[in-house]
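**Q** Data: work.cif, mmCIF, C-alpha atoms.
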```
data_upload
loop_
_atom_site.label_atom_id
_atom_site.label_comp_id
_atom_site.auth_asym_id
_atom_site.auth_seq_id
_atom_site.Cartn_x
_atom_site.Cartn_y
_atom_site.Cartn_z
CA MET A 1 107.70 37.23 62.94
CA ILE A 2 105.50 39.82 64.58
CA ILE A 3 103.40 40.08 61.44
CA PHE A 4 103.02 36.28 61.43
CA ILE A 5 101.85 36.30 65.06
CA ILE A 6 99.35 39.06 64.31
CA PHE A 7 98.10 37.09 61.30
CA LEU A 8 97.67 33.97 63.46
CA PHE A 9 95.81 36.00 66.13
CA ASN A 10 93.33 37.28 63.56
CA LEU A 11 92.64 33.74 62.40
CA ILE A 12 91.83 32.39 65.84
CA LYS A 13 89.96 35.39 67.29
CA THR A 14 86.61 34.45 68.74
CA PRO A 15 83.48 35.38 66.84
CA PRO A 16 81.24 38.09 68.37
CA VAL A 17 78.68 36.90 70.93
CA PHE A 18 75.13 37.74 70.03
CA ALA A 19 72.46 38.28 72.67
CA GLN A 20 70.31 35.22 73.32
CA THR A 21 66.68 35.43 72.37
CA ALA A 22 64.36 35.29 75.35
CA THR A 23 62.54 32.03 75.80
CA PRO A 24 58.78 32.43 75.33
CA SER A 25 57.02 32.81 78.64
CA ALA A 26 53.56 31.60 79.59
CA ILE A 27 52.74 35.13 80.67
CA PRO A 28 51.61 37.41 77.80
CA SER A 29 53.74 40.56 77.53
CA ALA A 30 52.12 43.99 77.33
CA THR A 31 52.32 45.74 73.97
CA PRO A 32 53.12 49.29 75.18
CA THR A 33 55.09 49.89 78.31
CA PRO A 34 53.33 51.15 81.44
CA ASP A 35 55.41 54.34 80.97
CA LEU A 36 53.31 55.15 77.91
CA VAL A 37 50.16 54.98 79.98
CA LYS A 38 51.83 57.24 82.52
CA GLN A 39 52.75 59.73 79.81
CA TYR A 40 49.23 59.89 78.35
CA THR A 41 47.76 60.18 81.84
CA SER A 42 50.04 63.12 82.50
CA ASP A 43 48.91 64.73 79.19
CA TYR A 44 45.31 64.30 80.25
CA LEU A 45 45.89 65.88 83.65
CA TYR A 46 47.61 68.84 82.04
CA ASN A 47 44.70 69.36 79.63
CA TYR A 48 42.23 68.98 82.47
CA ASP A 49 43.93 71.88 84.30
CA LEU A 50 43.70 74.00 81.17
CA TYR A 51 40.03 73.12 80.78
CA GLN A 52 39.22 74.18 84.32
CA GLN A 53 40.84 77.55 83.74
CA ALA A 54 38.99 77.95 80.43
CA LEU A 55 35.71 76.98 82.07
CA SER A 56 36.19 79.55 84.81
CA ASN A 57 36.93 82.22 82.21
CA TYR A 58 33.86 81.25 80.15
CA GLN A 59 31.58 81.46 83.20
CA GLU A 60 32.97 84.88 84.06
CA LYS A 61 32.55 86.24 80.53
CA SER A 62 29.02 84.83 80.34
CA GLN A 63 28.05 86.64 83.52
CA ILE A 64 29.53 89.91 82.28
CA TYR A 65 27.67 89.62 78.97
CA THR A 66 24.44 88.81 80.80
CA LYS A 67 24.96 91.93 82.91
CA TYR A 68 25.96 94.42 80.20
CA GLY A 69 24.81 92.84 76.93
CA SER A 70 27.21 94.89 74.78
CA ILE A 71 28.81 93.80 71.51
CA THR A 72 32.23 93.72 73.13
CA THR A 73 31.11 91.54 75.98
CA GLU A 74 29.29 89.29 73.54
CA LYS A 75 32.47 88.85 71.53
CA ASP A 76 34.45 88.09 74.69
CA LYS A 77 31.86 85.54 75.67
CA LEU A 78 31.93 83.84 72.24
CA ASP A 79 35.75 83.70 72.31
CA ALA A 80 35.68 82.24 75.82
CA THR A 81 33.06 79.72 74.70
CA LYS A 82 35.23 78.60 71.81
CA ILE A 83 38.29 78.17 74.03
CA ALA A 84 36.30 76.30 76.69
CA LEU A 85 34.75 73.94 74.14
CA ILE A 86 38.09 73.15 72.48
CA SER A 87 39.72 72.69 75.87
CA ARG A 88 36.95 70.39 77.03
CA ASN A 89 37.24 68.29 73.85
CA ASN A 90 40.99 68.06 74.32
CA THR A 91 40.53 66.92 77.91
CA LEU A 92 38.14 64.19 76.86
CA LYS A 93 40.31 63.17 73.93
CA THR A 94 43.47 62.80 76.03
CA TYR A 95 41.55 60.87 78.68
CA LEU A 96 40.22 58.45 76.06
CA THR A 97 43.74 58.04 74.67
CA ALA A 98 45.14 57.16 78.09
CA LEU A 99 42.26 54.76 78.66
CA ARG A 100 42.71 53.08 75.30
CA THR A 101 46.44 52.64 75.90
CA SER A 102 45.88 51.20 79.38
CA LEU A 103 43.72 48.45 77.85
CA ASN A 104 46.79 47.15 76.05
CA LEU A 105 48.12 45.97 79.37
CA TYR A 106 47.15 42.28 79.75
CA LYS A 107 44.90 42.62 76.68
CA LEU A 108 45.76 39.11 75.50
CA ASN A 109 43.63 37.52 78.22
CA ASP A 110 40.56 38.72 76.29
CA PRO A 111 41.73 40.21 72.98
CA VAL A 112 38.34 40.43 71.26
CA THR A 113 36.55 42.41 73.97
CA ASN A 114 39.52 44.73 74.46
CA GLN A 115 39.90 45.32 70.76
CA THR A 116 36.20 46.15 70.38
CA ILE A 117 36.36 48.70 73.20
CA GLN A 118 39.57 50.21 71.87
CA ILE A 119 38.04 50.67 68.41
CA GLU A 120 35.14 52.56 69.90
CA LEU A 121 37.45 54.71 72.05
CA ASN A 122 39.48 55.54 68.97
CA LYS A 123 36.29 56.49 67.11
CA TRP A 124 35.40 59.03 69.82
CA GLU A 125 38.93 60.40 69.92
CA SER A 126 38.70 61.08 66.19
CA TRP A 127 35.23 62.59 66.57
CA LEU A 128 36.41 65.00 69.28
CA GLU A 129 39.38 66.07 67.19
CA GLU A 130 37.13 66.67 64.21
CA GLN A 131 34.70 68.70 66.34
CA ASN A 132 37.54 70.97 67.46
CA GLN A 133 38.19 71.86 63.82
CA ILE A 134 34.49 72.64 63.35
CA VAL A 135 34.15 74.67 66.56
CA SER A 136 37.26 76.72 65.85
CA VAL A 137 35.52 78.51 62.95
CA TYR A 138 32.30 79.34 64.85
CA ASN A 139 31.71 82.99 65.67
CA ASN A 140 28.03 83.26 66.65
CA GLN A 141 25.85 82.00 69.44
CA ALA A 142 23.46 80.07 67.17
CA ASP A 143 26.25 77.82 65.89
CA PHE A 144 27.52 77.22 69.41
CA THR A 145 24.02 76.38 70.61
CA ASN A 146 23.46 73.89 67.78
CA TRP A 147 26.79 72.29 68.41
CA ALA A 148 26.18 72.07 72.16
CA LYS A 149 22.96 70.15 71.43
CA ILE A 150 24.87 67.72 69.22
CA PHE A 151 27.46 67.22 71.94
CA SER A 152 24.76 66.60 74.58
CA SER A 153 23.31 63.83 72.42
CA LYS A 154 26.73 62.18 72.14
CA TRP A 155 27.71 62.67 75.76
CA VAL A 156 25.75 59.61 76.97
CA GLU A 157 27.61 57.37 74.54
CA ILE A 158 30.97 58.87 75.53
CA GLN A 159 30.28 58.28 79.23
CA THR A 160 29.17 54.70 78.51
CA ILE A 161 32.40 53.82 76.72
CA ILE A 162 34.50 55.52 79.40
CA TYR A 163 33.00 53.52 82.26
CA LYS A 164 32.94 50.32 80.20
CA SER A 165 36.67 50.78 79.58
CA LEU A 166 37.38 51.37 83.27
CA VAL A 167 35.60 48.12 84.15
CA GLN A 168 37.44 46.19 81.41
CA GLN A 169 40.75 47.62 82.61
CA GLN A 170 40.21 46.07 86.02
CA ILE A 171 38.94 42.80 84.54
CA ASN A 172 42.18 42.59 82.53
CA THR A 173 44.30 43.06 85.63
CA GLN A 174 42.40 40.49 87.66
CA LYS A 175 42.49 37.95 84.84
CA GLN A 176 46.24 38.44 84.56
CA SER A 177 46.65 37.94 88.29
CA MET A 178 44.63 34.70 87.99
CA VAL A 179 47.01 33.49 85.26
CA LEU A 180 49.91 34.04 87.65
CA VAL A 181 48.05 32.46 90.58
CA LEU A 182 47.22 29.30 88.61
CA ASP A 183 50.76 29.10 87.27
CA LEU A 184 52.11 29.35 90.80
CA ALA A 185 49.54 26.87 92.14
CA ASN A 186 50.71 24.28 89.60
CA GLU A 187 54.29 24.90 90.58
CA ILE A 188 53.59 24.52 94.29
CA LYS A 189 51.37 21.50 93.65
CA THR A 190 54.20 19.82 91.76
CA SER A 191 56.80 20.64 94.37
CA THR A 192 54.60 19.31 97.20
CA SER A 193 53.13 16.31 95.37
CA GLY A 194 55.26 13.83 97.26
CA GLN A 195 54.01 14.93 100.63
CA GLN A 196 51.10 13.33 102.41
CA ASP A 197 47.75 15.17 102.24
CA SER A 198 49.30 18.08 100.30
CA GLN A 199 47.01 17.72 97.28
CA THR A 200 43.80 17.90 99.32
CA TRP A 201 44.69 21.48 100.21
CA PHE A 202 44.01 22.42 96.57
CA ASN A 203 40.50 20.96 96.54
CA ASN A 204 38.69 24.29 97.02
CA PHE A 205 40.54 26.01 94.17
CA PRO A 206 38.09 25.17 91.33
CA VAL A 207 35.14 26.45 93.39
CA THR A 208 36.88 29.73 94.20
CA GLN A 209 37.94 30.08 90.57
CA ASP A 210 34.32 29.73 89.48
CA LEU A 211 33.28 32.43 91.93
CA ILE A 212 35.94 34.76 90.54
CA ASN A 213 34.87 34.16 86.95
CA THR A 214 31.20 34.62 87.81
CA ASN A 215 31.87 37.99 89.41
CA LEU A 216 34.05 39.15 86.52
CA GLN A 217 31.35 38.18 84.04
CA SER A 218 28.74 39.98 86.10
CA ALA A 219 30.91 43.12 86.22
CA TYR A 220 31.17 43.12 82.44
CA GLN A 221 27.47 42.30 81.88
CA ARG A 222 26.48 45.43 83.80
CA THR A 223 28.34 47.55 81.22
CA GLN A 224 25.76 46.38 78.67
CA THR A 225 23.00 48.23 80.56
CA LYS A 226 20.62 49.80 78.07
CA GLN A 227 21.03 53.59 78.05
CA TYR A 228 18.49 56.34 77.45
CA SER A 229 19.35 58.82 74.69
CA ASN A 230 19.30 61.84 77.00
CA ARG A 231 20.30 60.36 80.37
CA PHE A 232 23.26 58.23 81.41
CA THR A 233 22.51 55.27 83.71
CA ASN A 234 25.74 54.74 85.59
CA PHE A 235 26.46 51.04 86.06
CA TYR A 236 29.99 51.60 87.33
CA SER A 237 29.41 51.30 91.09
CA ASN A 238 27.57 47.99 90.67
CA SER A 239 30.35 46.67 88.44
CA GLN A 240 32.87 47.85 91.01
CA ASN A 241 31.12 45.79 93.70
CA ASP A 242 31.46 42.67 91.54
CA LEU A 243 35.12 43.47 90.91
CA ASN A 244 35.79 43.93 94.62
CA ARG A 245 34.20 40.55 95.36
CA SER A 246 36.28 38.78 92.74
CA LYS A 247 39.42 40.48 94.03
CA ASN A 248 38.69 39.24 97.54
CA TYR A 249 38.40 35.70 96.21
CA ILE A 250 41.74 36.10 94.46
CA TYR A 251 43.28 37.29 97.72
CA GLN A 252 41.82 34.20 99.39
CA LEU A 253 43.50 31.95 96.81
CA VAL A 254 46.80 33.76 97.21
CA ASN A 255 46.70 33.43 100.99
CA ASP A 256 45.86 29.74 100.68
CA LEU A 257 48.82 29.26 98.36
CA LYS A 258 51.11 31.05 100.79
CA SER A 259 49.91 28.80 103.61
CA ILE A 260 50.39 25.68 101.51
CA SER A 261 53.87 26.72 100.38
CA ILE A 262 54.89 27.35 103.99
CA LYS A 263 53.27 24.24 105.43
CA PHE A 264 54.63 21.78 102.91
CA SER A 265 57.95 23.36 102.13
CA PRO A 266 60.76 20.89 102.89
CA THR A 267 63.15 23.80 103.49
CA GLN A 268 60.87 25.35 106.07
CA ASN A 269 60.36 21.98 107.76
CA ASP A 270 64.11 21.50 108.03
CA THR A 271 64.70 24.91 109.55
CA GLN A 272 61.85 24.52 112.12
CA MET B 1 -60.23 4.45 134.95
CA THR B 2 -60.14 4.71 138.70
CA HIS B 3 -57.19 4.70 141.01
CA ASN B 4 -57.20 2.81 144.20
CA ARG B 5 -56.69 5.44 146.86
CA GLN B 6 -54.81 3.01 149.02
CA ASP B 7 -52.16 2.50 146.30
CA ILE B 8 -51.37 6.13 145.97
CA PRO B 9 -48.63 7.12 148.48
CA ILE B 10 -49.25 10.15 150.57
CA GLN B 11 -47.03 12.86 149.15
CA SER B 12 -47.26 16.36 147.85
CA GLN B 13 -48.43 16.72 144.27
CA ASN B 14 -47.16 20.25 143.96
CA ILE B 15 -45.20 20.47 140.64
CA ASP B 16 -42.99 23.17 142.04
CA SER B 17 -41.82 20.86 144.69
CA THR B 18 -38.40 19.66 144.00
CA GLN B 19 -39.25 16.03 144.51
CA ASN B 20 -41.91 16.31 141.76
CA ASN B 21 -39.64 18.15 139.32
CA PRO B 22 -38.12 15.55 136.98
CA LEU B 23 -35.30 17.94 136.06
CA PHE B 24 -34.21 18.44 139.62
CA GLN B 25 -31.11 16.57 140.60
CA PRO B 26 -30.53 16.16 144.32
CA GLU B 27 -27.10 17.41 145.54
CA THR B 28 -24.66 14.71 146.23
CA GLN B 29 -23.25 14.71 149.69
CA PRO B 30 -19.49 15.26 150.06
CA THR B 31 -17.77 11.98 150.22
CA SER B 32 -15.68 11.05 153.19
CA PRO B 33 -12.06 10.21 152.72
CA LYS B 34 -12.97 6.59 153.10
CA THR B 35 -15.27 6.80 150.13
CA GLU B 36 -12.71 8.60 147.76
CA ASN B 37 -12.99 8.14 143.95
CA PRO B 38 -10.44 5.55 142.71
CA THR B 39 -9.71 7.55 139.46
CA SER B 40 -8.42 10.58 141.35
CA LYS B 41 -6.23 8.25 143.35
CA LYS B 42 -4.71 7.08 140.06
CA ILE B 43 -4.18 10.69 138.87
CA ASN B 44 -2.33 11.59 142.05
CA THR B 45 -0.05 8.60 141.58
CA LYS B 46 0.75 9.63 138.04
CA VAL B 47 1.58 13.14 139.13
CA ILE B 48 3.90 11.86 141.80
CA LEU B 49 5.63 9.52 139.36
CA PHE B 50 6.03 12.35 136.83
CA GLY B 51 7.47 14.58 139.47
CA ILE B 52 9.95 11.91 140.47
CA LEU B 53 11.04 11.46 136.87
CA ILE B 54 11.63 15.19 136.43
CA PHE B 55 13.61 15.31 139.66
CA ILE B 56 15.79 12.41 138.53
CA SER B 57 16.48 14.01 135.13
CA ILE B 58 17.46 17.33 136.75
CA LEU B 59 19.71 15.45 139.11
CA LEU B 60 21.36 13.66 136.21
CA LEU B 61 21.93 16.98 134.40
CA LEU B 62 23.57 18.44 137.47
CA VAL B 63 25.79 15.41 137.87
CA SER B 64 26.85 15.50 134.21
CA SER B 65 27.71 19.20 134.38
CA LEU B 66 29.87 18.52 137.41
CA VAL B 67 31.60 15.60 135.72
CA ASN B 68 32.35 17.38 132.36
CA PRO B 69 34.74 20.09 133.66
CA GLN B 70 36.89 17.32 135.08
CA LYS B 71 36.97 15.62 131.70
CA LYS B 72 37.96 18.91 129.96
CA SER B 73 40.94 19.44 132.21
CA THR B 74 42.36 16.06 131.30
CA THR B 75 41.92 16.60 127.54
CA LYS B 76 43.33 20.12 127.48
CA GLN B 77 46.48 19.08 125.68
CA VAL B 78 44.48 17.48 122.90
CA GLU B 79 42.32 20.57 122.35
CA ASN B 80 45.32 22.88 122.05
CA ILE B 81 46.43 21.23 118.80
CA PRO B 82 45.17 23.44 115.94
CA THR B 83 42.86 21.82 113.41
CA PRO B 84 44.05 22.11 109.82
CA THR B 85 42.17 24.71 107.76
CA LEU B 86 42.43 25.73 104.12
CA THR B 87 42.78 29.43 104.87
CA SER B 88 45.83 31.14 106.19
CA SER B 89 44.16 31.93 109.50
CA ALA B 90 45.82 28.99 111.28
CA ILE B 91 49.16 29.34 109.53
CA PRO B 92 51.23 32.54 109.65
CA THR B 93 52.03 33.87 106.17
CA GLN B 94 54.74 36.39 106.84
CA PRO B 95 56.81 37.03 103.70
CA GLU B 96 59.98 35.69 105.31
CA LYS B 97 58.33 32.30 105.88
CA ILE B 98 57.43 31.86 102.20
CA PRO B 99 59.93 29.62 100.39
CA THR B 100 62.48 31.66 98.43
CA GLN B 101 61.68 30.09 95.06
CA PHE B 102 58.08 31.41 95.22
CA ARG B 103 58.58 34.86 96.73
CA ASP B 104 59.06 36.76 93.45
CA LYS B 105 55.87 35.34 91.99
CA PHE B 106 53.89 36.17 95.09
CA ASP B 107 55.28 39.72 94.94
CA GLN B 108 54.27 39.97 91.29
CA ILE B 109 50.71 38.94 92.11
CA ASP B 110 50.52 41.30 95.09
CA LYS B 111 51.67 44.15 92.88
CA LEU B 112 48.96 43.39 90.31
CA LEU B 113 46.30 43.42 92.99
CA GLN B 114 47.29 46.88 94.24
CA PRO B 115 44.56 49.54 93.90
CA ASN B 116 44.13 50.97 90.45
CA ASN B 117 45.89 54.35 90.09
CA PHE B 118 44.20 55.34 86.85
CA PRO B 119 42.49 58.75 87.21
CA ASN B 120 38.72 59.04 87.43
CA PRO B 121 36.83 60.43 84.42
CA PRO B 122 36.97 64.25 84.11
CA GLN B 123 34.06 66.19 85.52
CA ILE B 124 33.01 68.36 82.61
CA ASP B 125 30.19 70.73 81.88
CA PRO B 126 28.29 69.31 78.88
CA ASN B 127 26.24 72.52 78.46
CA ILE B 128 29.03 74.93 77.52
CA GLY B 129 27.84 77.14 74.66
CA LEU B 130 24.19 76.15 75.01
CA LYS B 131 23.11 79.68 75.96
#
```
Could you rewrite the structure in this file as structure tokens?
**A**
Amino acid sequence: MIIFIIFLFNLIKTPPVFAQTATPSAIPSATPTPDLVKQYTSDYLYNYDLYQQALSNYQEKSQIYTKYGSITTEKDKLDATKIALISRNNTLKTYLTALRTSLNLYKLNDPVTNQTIQIELNKWESWLEEQNQIVSVYNNQADFTNWAKIFSSKWVEIQTIIYKSLVQQQINTQKQSMVLVLDLANEIKTSTSGQQDSQTWFNNFPVTQDLINTNLQSAYQRTQTKQYSNRFTNFYSNSQNDLNRSKNYIYQLVNDLKSISIKFSPTQNDTQ
Amino acid sequence: MTHNRQDIPIQSQNIDSTQNNPLFQPETQPTSPKTENPTSKKINTKVILFGILIFISILLLLVSSLVNPQKKSTTKQVENIPTPTLTSSAIPTQPEKIPTQFRDKFDQIDKLLQPNNFPNPPQIDPNIGLK
């Protein structure tokens, strides 16, 4: 009898419940998590500390060699130079990695531009890693001097891609916030559509949107500034001004939406 | 040709004499009030009329400025009603007043617009190993 009951129980036991798949959202999801950006940023900061120590040591050894000029001091200086160069390359490499990863956040709002920048960042990361392997076998001043000249010629390009990436990072964030603002505006518009005069409060939105887009485009255009081969023309502060203007316009839209949601909310009207 | 001496009036023929100088214009005697120029009389009238007009317009301005404050006091209640604006300046936007269904989305947007915490580029010496 007991066996029969157990047999019956096994027949009617409920099947396992599988987790439901998330419904696709209008908001694009980031590929890596923000924690990954945090981790790479922390790696960069650690390497930057090491570089500053190595730089200080290099400067000290250089001064001693300049003062005494002995073979021992020359060797110390060359060793310190090697360590400082490798440390500097590591610092730059980890910074570029963190920057490249951060561009994955909200990348889908402009995938082509982000992808292009990320490819170039990756190229420089690989170049810096390769240079570390070359520098590690140097043991004379002539090789270091030649290499330093090569690095100087590349430094303008590295700075250009760094600042271009920083601008694009902020463009990505602002574009994502605009996606959310427009999504919310549609929601509020729909919920207030039955109320008198509610729709006229949205009339200025297209104009403000245009202003935001114009400033974002201007911020990006400045990153295309033609550069000299031996001198970096820093466009970043001008781009930052454009980005600040567009952000202010976004704030204006958000505040308008808050006002509209409060003014035309039936719940708020009932409680007043 | 001879002149009849009797026809010629007895007068000085000195060219320097003023009465013989064709360019000399005798001074006109000051006119008496009775013989005043009619055009200046007209000018004086115009000036007086102009002055009267100015006086009347100033008077009207004074009267209107006295009347207007009285009008304002009666329409005070109407002026206190706020005019609708598209910015949040006229409407308070404290978080607790925002409808519940929208608060999360507003918070999400506010979070996105926070200042960027990404570190600045490293300050490096590009000349290491040059000398």
**Q** Expand the PyMOL selection byres ((chain A and resi 202-205) around 12) into the individual residues it matches in the shown file, reporting them as a PDB file with C-alpha atoms, keeping the file's coordinate frame.
**A**
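Writing done, so here's part.pdb:
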```pdb
ATOM      1  CA  MET A 178      44.630  34.700  87.990  1.00  0.00           C
ATOM      2  CA  VAL A 181      48.050  32.460  90.580  1.00  0.00           C
ATOM      3  CA  LEU A 182      47.220  29.300  88.610  1.00  0.00           C
ATOM      4  CA  ALA A 185      49.540  26.870  92.140  1.00  0.00           C
ATOM      5  CA  ASN A 186      50.710  24.280  89.600  1.00  0.00           C
ATOM      6  CA  ILE A 188      53.590  24.520  94.290  1.00  0.00           C
ATOM      7  CA  LYS A 189      51.370  21.500  93.650  1.00  0.00           C
ATOM      8  CA  THR A 190      54.200  19.820  91.760  1.00  0.00           C
ATOM      9  CA  THR A 192      54.600  19.310  97.200  1.00  0.00           C
ATOM     10  CA  SER A 193      53.130  16.310  95.370  1.00  0.00           C
ATOM     11  CA  ASP A 197      47.750  15.170 102.240  1.00  0.00           C
ATOM     12  CA  SER A 198      49.300  18.080 100.300  1.00  0.00           C
ATOM     13  CA  GLN A 199      47.010  17.720  97.280  1.00  0.00           C
ATOM     14  CA  THR A 200      43.800  17.900  99.320  1.00  0.00           C
ATOM     15  CA  TRP A 201      44.690  21.480 100.210  1.00  0.00           C
ATOM     16  CA  PRO A 206      38.090  25.170  91.330  1.00  0.00           C
ATOM     17  CA  VAL A 207      35.140  26.450  93.390  1.00  0.00           C
ATOM     18  CA  THR A 208      36.880  29.730  94.200  1.00  0.00           C
ATOM     19  CA  GLN A 209      37.940  30.080  90.570  1.00  0.00           C
ATOM     20  CA  ASP A 210      34.320  29.730  89.480  1.00  0.00           C
ATOM     21  CA  LEU A 211      33.280  32.430  91.930  1.00  0.00           C
ATOM     22  CA  ILE A 212      35.940  34.760  90.540  1.00  0.00           C
ATOM     23  CA  TYR A 249      38.400  35.700  96.210  1.00  0.00           C
ATOM     24  CA  ILE A 250      41.740  36.100  94.460  1.00  0.00           C
ATOM     25  CA  GLN A 252      41.820  34.200  99.390  1.00  0.00           C
ATOM     26  CA  LEU A 253      43.500  31.950  96.810  1.00  0.00           C
ATOM     27  CA  VAL A 254      46.800  33.760  97.210  1.00  0.00           C
ATOM     28  CA  ASN A 255      46.700  33.430 100.990  1.00  0.00           C
ATOM     29  CA  ASP A 256      45.860  29.740 100.680  1.00  0.00           C
ATOM     30  CA  LEU A 257      48.820  29.260  98.360  1.00  0.00           C
ATOM     31  CA  LYS A 258      51.110  31.050 100.790  1.00  0.00           C
ATOM     32  CA  SER A 259      49.910  28.800 103.610  1.00  0.00           C
ATOM     33  CA  ILE A 260      50.390  25.680 101.510  1.00  0.00           C
ATOM     34  CA  SER A 261      53.870  26.720 100.380  1.00  0.00           C
TER      35      SER A 261
ATOM     36  CA  THR B  85      42.170  24.710 107.760  1.00  0.00           C
ATOM     37  CA  LEU B  86      42.430  25.730 104.120  1.00  0.00           C
ATOM     38  CA  THR B  87      42.780  29.430 104.870  1.00  0.00           C
TER      39      THR B  87
END
```
**Q** Please indicate the distance in Å from atom CA of A:Tyr138 to atom CA of A:Tyr48, rounded to one decimal place.
**A**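 Going from atom CA of A:Tyr138 over to atom CA of A:Tyr48, I get 22.7 Å.
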**Q** Given the file above and the PyMOL selection byres ((chain A and resi 102) around 12), which residues are selected, and can you give them as a ChimeraX atom specification?
**A** /A:30-41,95-101,103-107,114,117-118,121,165-170,172-173 /B:116-119
**Q** Apply the PyMOL selection byres ((chain A and resi 92) around 9) to the structure shown and report the selected residues as a list in words.
**A**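 With the shown file as input, the PyMOL selection byres ((chain A and resi 92) around 9) matches Tyr44, Asn47, Tyr48, Ser87, Arg88, Asn89, Asn90, Thr91, Lys93, Thr94, Tyr95, Leu96, Thr97, Glu125 and Leu128 of chain A; Pro121, Pro122 and Ile124 of chain B.
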**Q** Measuring between only C-alpha atoms, which one of A:Gln53, A:Thr73, A:Asn122, A:Ser177 shows the shortest distance to chain B?
**A**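 Closest candidate: A:Ser177.
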**Q** Please, what distance in Å, to one decimal, runs between atom CA of A:Ile171 and atom CA of B:Pro99?
**A** 29.4 Å
**Q** Skip A:Phe144 itself and residues of its chain fewer than 4 positions away, then list as a list in words all residues within 7 Å of it, counting all atoms listed in the file.
**A** Tyr138, Asn140 and Ala148 of chain A; Gly129 and Leu130 of chain B
**Q** So how far away is atom CA of B:Ile128 from atom CA of A:Lys164, in Å?
**A** 25.1 Å
**Q** My list of candidates is A:Ala54, A:Ile262, A:Ala219, A:Val112. Which is closest to chain B when distances are computed with all atoms listed in the file?
**A**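 Looking only at the distances to chain B, the closest residue turns out to be A:Ile262.
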